>>> print(open('query.pdb').read())   # PDB, C-alpha atoms, pLDDT in the B column
ATOM      1  CA  MET A   1     -10.291  -8.264  -7.665  1.00 95.00           C
ATOM      2  CA  TYR A   2      -6.597  -8.524  -6.763  1.00 98.00           C
ATOM      3  CA  GLY A   3      -4.158  -5.700  -7.133  1.00 98.00           C
ATOM      4  CA  VAL A   4      -1.579  -3.439  -5.591  1.00 98.00           C
ATOM      5  CA  TYR A   5      -2.294  -0.038  -4.050  1.00 98.00           C
ATOM      6  CA  GLU A   6      -0.534   2.983  -2.603  1.00 97.00           C
ATOM      7  CA  LEU A   7      -1.849   5.152   0.210  1.00 96.00           C
ATOM      8  CA  ALA A   8      -0.684   8.763   0.472  1.00 96.00           C
ATOM      9  CA  ASP A   9      -0.941  11.569   3.007  1.00 94.00           C
ATOM     10  CA  GLY A  10      -2.250  15.096   2.424  1.00 93.00           C
ATOM     11  CA  SER A  11       1.023  16.073   0.746  1.00 96.00           C
ATOM     12  CA  ARG A  12       0.657  13.098  -1.614  1.00 96.00           C
ATOM     13  CA  ARG A  13       3.638  11.316  -0.070  1.00 97.00           C
ATOM     14  CA  THR A  14       3.317   7.539  -0.250  1.00 97.00           C
ATOM     15  CA  VAL A  15       2.950   6.145   3.267  1.00 96.00           C
ATOM     16  CA  TYR A  16       1.971   2.544   2.451  1.00 96.00           C
ATOM     17  CA  ILE A  17       2.190   0.115  -0.458  1.00 97.00           C
ATOM     18  CA  GLY A  18      -0.105  -2.888  -0.136  1.00 97.00           C
ATOM     19  CA  GLU A  19      -1.531  -5.788  -2.078  1.00 97.00           C
ATOM     20  CA  GLY A  20      -4.459  -8.165  -1.952  1.00 96.00           C
ATOM     21  CA  ASN A  21      -8.184  -8.102  -2.557  1.00 96.00           C
ATOM     22  CA  LEU A  22      -8.522  -4.384  -3.306  1.00 96.00           C
ATOM     23  CA  HIS A  23     -11.991  -3.868  -1.855  1.00 93.00           C
ATOM     24  CA  ASN A  24     -11.255  -5.703   1.385  1.00 92.00           C
ATOM     25  CA  ARG A  25      -7.816  -4.193   1.931  1.00 91.00           C
ATOM     26  CA  LEU A  26      -8.834  -0.600   1.169  1.00 88.00           C
ATOM     27  CA  MET A  27     -11.917  -0.890   3.380  1.00 87.00           C
ATOM     28  CA  ALA A  28      -9.697  -2.128   6.225  1.00 85.00           C
ATOM     29  CA  HIS A  29      -7.568   1.015   5.973  1.00 80.00           C
ATOM     30  CA  PHE A  30     -10.533   3.393   6.016  1.00 77.00           C
ATOM     31  CA  THR A  31     -12.928   1.688   8.449  1.00 74.00           C
ATOM     32  CA  THR A  32     -12.609   2.688  12.080  1.00 65.00           C
ATOM     33  CA  GLY A  33     -12.253  -0.145  14.514  1.00 61.00           C
ATOM     34  CA  SER A  34     -10.651  -2.545  12.063  1.00 56.00           C
ATOM     35  CA  ASP A  35      -7.114  -1.607  10.970  1.00 56.00           C
ATOM     36  CA  PRO A  36      -7.374   2.106  10.181  1.00 63.00           C
ATOM     37  CA  THR A  37      -4.334   3.895   8.810  1.00 75.00           C
ATOM     38  CA  PRO A  38      -4.347   7.499  10.105  1.00 79.00           C
ATOM     39  CA  GLY A  39      -3.653  10.500   7.898  1.00 84.00           C
ATOM     40  CA  ILE A  40      -4.584   8.937   4.567  1.00 88.00           C
ATOM     41  CA  SER A  41      -5.965  11.409   2.025  1.00 90.00           C
ATOM     42  CA  TYR A  42      -5.303   9.683  -1.313  1.00 94.00           C
ATOM     43  CA  PHE A  43      -5.019   6.231  -2.796  1.00 94.00           C
ATOM     44  CA  ARG A  44      -4.335   4.727  -6.183  1.00 96.00           C
ATOM     45  CA  TYR A  45      -4.425   1.139  -7.355  1.00 97.00           C
ATOM     46  CA  VAL A  46      -3.667  -1.191 -10.238  1.00 98.00           C
ATOM     47  CA  THR A  47      -5.439  -4.499 -10.773  1.00 98.00           C
ATOM     48  CA  THR A  48      -3.199  -7.496 -11.379  1.00 98.00           C
ATOM     49  CA  GLY A  49      -5.579 -10.388 -11.983  1.00 95.00           C
ATOM     50  CA  SER A  50      -4.015 -12.659  -9.357  1.00 97.00           C
ATOM     51  CA  LYS A  51      -2.613 -12.588  -5.840  1.00 97.00           C
ATOM     52  CA  GLN A  52       0.771 -13.812  -7.102  1.00 98.00           C
ATOM     53  CA  ARG A  53       1.073 -10.896  -9.546  1.00 98.00           C
ATOM     54  CA  ALA A  54      -0.058  -8.477  -6.834  1.00 98.00           C
ATOM     55  CA  VAL A  55       2.680  -9.710  -4.473  1.00 98.00           C
ATOM     56  CA  GLN A  56       5.285  -9.453  -7.244  1.00 98.00           C
ATOM     57  CA  ARG A  57       4.211  -5.906  -8.116  1.00 98.00           C
ATOM     58  CA  GLN A  58       4.151  -4.860  -4.450  1.00 98.00           C
ATOM     59  CA  ASN A  59       7.697  -6.179  -3.984  1.00 98.00           C
ATOM     60  CA  ALA A  60       8.843  -4.269  -7.081  1.00 98.00           C
ATOM     61  CA  LEU A  61       7.217  -1.029  -5.863  1.00 98.00           C
ATOM     62  CA  LEU A  62       8.723  -1.410  -2.391  1.00 98.00           C
ATOM     63  CA  SER A  63      12.141  -2.007  -3.945  1.00 98.00           C
ATOM     64  CA  GLU A  64      11.784   1.092  -6.166  1.00 98.00           C
ATOM     65  CA  PHE A  65      10.685   3.181  -3.180  1.00 98.00           C
ATOM     66  CA  MET A  66      13.637   1.935  -1.109  1.00 98.00           C
ATOM     67  CA  LYS A  67      16.108   2.807  -3.879  1.00 98.00           C
ATOM     68  CA  LYS A  68      14.648   6.286  -4.296  1.00 98.00           C
ATOM     69  CA  HIS A  69      14.157   7.196  -0.609  1.00 98.00           C
ATOM     70  CA  GLY A  70      16.569   4.927   1.265  1.00 98.00           C
ATOM     71  CA  ARG A  71      13.731   3.571   3.415  1.00 97.00           C
ATOM     72  CA  LEU A  72      10.341   1.898   3.176  1.00 97.00           C
ATOM     73  CA  PRO A  73       7.083   3.896   3.287  1.00 97.00           C
ATOM     74  CA  LYS A  74       6.072   4.896   6.833  1.00 93.00           C
ATOM     75  CA  TYR A  75       3.503   2.148   7.445  1.00 92.00           C
ATOM     76  CA  ASN A  76       5.440  -0.566   5.589  1.00 93.00           C
ATOM     77  CA  GLN A  77       8.312  -0.115   8.063  1.00 89.00           C
ATOM     78  CA  LYS A  78       6.189  -1.652  10.821  1.00 74.00           C
ATOM     79  CA  ARG A  79       5.531  -4.738   8.716  1.00 65.00           C
ATOM     80  CA  TYR A  80       8.797  -5.211   6.837  1.00 58.00           C
ATOM     81  CA  GLY A  81      11.309  -3.088   8.754  1.00 50.00           C
TER      82      GLY A  81
END
>>> encode(input="query.pdb", output="structure tokens")
Amino acid sequence: MYGVYELADGSRRTVYIGEGNLHNRLMAHFTTGSDPTPGISYFRYVTTGSKQRAVQRQNALLSEFMKKHGRLPKYNQKRYG
């Protein structure tokens, strides 16, 4: 199931916006030894039906975040910054 997701810290601040196979990607963030993302307390997701739609939605969310905050989410900066 493809979709886009947001990870947030304990204060519910978005620290990462991702896309892909939701089960695989979320498990990668929460499984030690793989690609854990520290400090994550919350997540939310939306299914998109296809990888292409997930990428489009992720790009839109990153753009909205950048306009609102003047920067990318903390963990997106490493990938896109």
>>> atom_distance(input="query.pdb", atom1="atom CA of A:Met27", atom2="atom CA of A:Ala54")
17.4 Å
>>> residues_around(input="query.pdb", residues="A:Thr37", least_positions_apart="6", cutoff="9 Å", atoms="only C-alpha atoms", output="PyMOL selection string")
chain A and resi 28-31+75
>>> write_last_selection(input="query.pdb", atoms="C-alpha atoms", output="PDB file, in the coordinates of the input")
ATOM      1  CA  ALA A  28      -9.697  -2.128   6.225  1.00 85.00           C
ATOM      2  CA  HIS A  29      -7.568   1.015   5.973  1.00 80.00           C
ATOM      3  CA  PHE A  30     -10.533   3.393   6.016  1.00 77.00           C
ATOM      4  CA  THR A  31     -12.928   1.688   8.449  1.00 74.00           C
ATOM      5  CA  TYR A  75       3.503   2.148   7.445  1.00 92.00           C
TER       6      TYR A  75
END
>>> resolve_selection(input="query.pdb", expression="the PyMOL selection byres ((chain A and resi 14-17) around 6)", output="number ranges by chain")
A: 5-8, 13, 18, 73-76
>>> write_last_selection(input="query.pdb", atoms="C-alpha atoms", output="PDB file, keeping the file's coordinate frame")
ATOM      1  CA  TYR A   5      -2.294  -0.038  -4.050  1.00 98.00           C
ATOM      2  CA  GLU A   6      -0.534   2.983  -2.603  1.00 97.00           C
ATOM      3  CA  LEU A   7      -1.849   5.152   0.210  1.00 96.00           C
ATOM      4  CA  ALA A   8      -0.684   8.763   0.472  1.00 96.00           C
ATOM      5  CA  ARG A  13       3.638  11.316  -0.070  1.00 97.00           C
ATOM      6  CA  GLY A  18      -0.105  -2.888  -0.136  1.00 97.00           C
ATOM      7  CA  PRO A  73       7.083   3.896   3.287  1.00 97.00           C
ATOM      8  CA  LYS A  74       6.072   4.896   6.833  1.00 93.00           C
ATOM      9  CA  TYR A  75       3.503   2.148   7.445  1.00 92.00           C
ATOM     10  CA  ASN A  76       5.440  -0.566   5.589  1.00 93.00           C
TER      11      ASN A  76
END
>>> closest_residue(input="query.pdb", among="A:Asn21, A:Leu62, A:Arg71, A:Gly10", to="A:Val46", atoms="only C-alpha atoms")
A:Asn21
>>> residues_around(input="query.pdb", residues="A:Thr47", least_positions_apart="3", cutoff="7 Å", atoms="all atoms listed in the file", output="list in words")
Met1, Tyr2, Gly3 and Val4 of chain A
>>> atom_distance(input="query.pdb", atom1="atom CA of A:Leu22", atom2="atom CA of A:Ser41")
16.9 Å
>>> atom_distance(input="query.pdb", atom1="atom CA of A:Gln56", atom2="atom CA of A:Arg12")
23.7 Å
>>> closest_residue(input="query.pdb", among="A:Lys67, A:Asp9, A:His23, A:Arg53", to="A:Gly39", atoms="all atoms listed in the file")
A:Asp9
>>> closest_residue(input="query.pdb", among="A:Lys78, A:Gly70, A:Arg57, A:Ser11", to="A:Tyr45", atoms="all atoms listed in the file")
A:Arg57
>>> closest_residue(input="query.pdb", among="A:Gln77, A:Gln52, A:Ser63, A:Leu72", to="A:Gly20", atoms="all atoms listed in the file")
A:Gln52
>>> decode(input="query.pdb", residues="stretch 26-57 of chain A", atoms="N, CA and C atoms", output="compact mmCIF listing (two decimals), in the first residue's frame")
# COMPACT_ATOMS: atom_id res chain seq x y z
N LEU A 26 7.59 2.69 7.27
CA LEU A 26 7.38 2.96 8.70
C LEU A 26 8.16 1.97 9.56
N MET A 27 8.20 0.71 9.16
CA MET A 27 8.97 -0.27 9.92
C MET A 27 10.45 0.10 9.93
N ALA A 28 10.96 0.63 8.83
CA ALA A 28 12.37 1.02 8.77
C ALA A 28 12.68 2.14 9.77
N HIS A 29 11.73 3.02 9.99
CA HIS A 29 11.96 4.12 10.93
C HIS A 29 11.91 3.67 12.39
N PHE A 30 11.18 2.60 12.67
CA PHE A 30 10.99 2.19 14.06
C PHE A 30 11.76 0.94 14.45
N THR A 31 12.45 0.30 13.52
CA THR A 31 13.19 -0.93 13.82
C THR A 31 14.65 -0.59 14.07
N THR A 32 15.15 -0.99 15.21
CA THR A 32 16.57 -0.71 15.50
C THR A 32 17.45 -1.53 14.57
N GLY A 33 18.56 -0.95 14.21
CA GLY A 33 19.50 -1.66 13.36
C GLY A 33 19.29 -1.41 11.89
N SER A 34 18.13 -0.95 11.49
CA SER A 34 17.89 -0.70 10.07
C SER A 34 18.15 0.76 9.77
N ASP A 35 17.16 1.60 9.81
CA ASP A 35 17.34 3.04 9.57
C ASP A 35 16.48 3.79 10.58
N PRO A 36 16.73 3.57 11.88
CA PRO A 36 15.85 4.18 12.88
C PRO A 36 15.95 5.71 12.89
N THR A 37 14.84 6.34 13.14
CA THR A 37 14.78 7.79 13.25
C THR A 37 14.52 8.11 14.72
N PRO A 38 15.51 8.65 15.43
CA PRO A 38 15.36 8.88 16.88
C PRO A 38 14.35 9.97 17.22
N GLY A 39 13.71 9.79 18.37
CA GLY A 39 12.82 10.83 18.89
C GLY A 39 11.43 10.86 18.29
N ILE A 40 11.04 9.83 17.58
CA ILE A 40 9.71 9.81 16.95
C ILE A 40 8.68 9.30 17.95
N SER A 41 7.62 10.08 18.14
CA SER A 41 6.54 9.69 19.05
C SER A 41 5.22 9.50 18.33
N TYR A 42 5.04 10.15 17.18
CA TYR A 42 3.77 10.11 16.46
C TYR A 42 4.01 9.94 14.97
N PHE A 43 3.02 9.36 14.30
CA PHE A 43 3.03 9.35 12.84
C PHE A 43 1.61 9.42 12.34
N ARG A 44 1.47 9.90 11.12
CA ARG A 44 0.18 9.87 10.44
C ARG A 44 0.46 9.60 8.98
N TYR A 45 -0.53 9.04 8.28
CA TYR A 45 -0.31 8.68 6.89
C TYR A 45 -1.59 8.82 6.08
N VAL A 46 -1.41 8.89 4.78
CA VAL A 46 -2.51 8.92 3.82
C VAL A 46 -2.13 7.97 2.70
N THR A 47 -3.03 7.07 2.34
CA THR A 47 -2.76 6.19 1.21
C THR A 47 -3.02 6.95 -0.09
N THR A 48 -2.24 6.60 -1.12
CA THR A 48 -2.36 7.31 -2.39
C THR A 48 -2.71 6.39 -3.55
N GLY A 49 -2.53 5.10 -3.39
CA GLY A 49 -2.86 4.16 -4.45
C GLY A 49 -1.73 3.88 -5.42
N SER A 50 -0.75 4.77 -5.51
CA SER A 50 0.39 4.52 -6.40
C SER A 50 1.62 5.26 -5.91
N LYS A 51 2.78 4.78 -6.31
CA LYS A 51 4.03 5.43 -5.94
C LYS A 51 4.09 6.83 -6.53
N GLN A 52 3.66 6.99 -7.77
CA GLN A 52 3.69 8.30 -8.42
C GLN A 52 2.88 9.33 -7.64
N ARG A 53 1.68 8.96 -7.21
CA ARG A 53 0.86 9.88 -6.42
C ARG A 53 1.49 10.17 -5.06
N ALA A 54 2.14 9.15 -4.48
CA ALA A 54 2.81 9.35 -3.19
C ALA A 54 3.95 10.36 -3.33
N VAL A 55 4.73 10.25 -4.39
CA VAL A 55 5.84 11.19 -4.62
C VAL A 55 5.29 12.60 -4.83
N GLN A 56 4.23 12.71 -5.61
CA GLN A 56 3.62 14.03 -5.86
C GLN A 56 3.12 14.65 -4.55
N ARG A 57 2.46 13.85 -3.73
CA ARG A 57 1.92 14.36 -2.47
C ARG A 57 3.05 14.73 -1.51
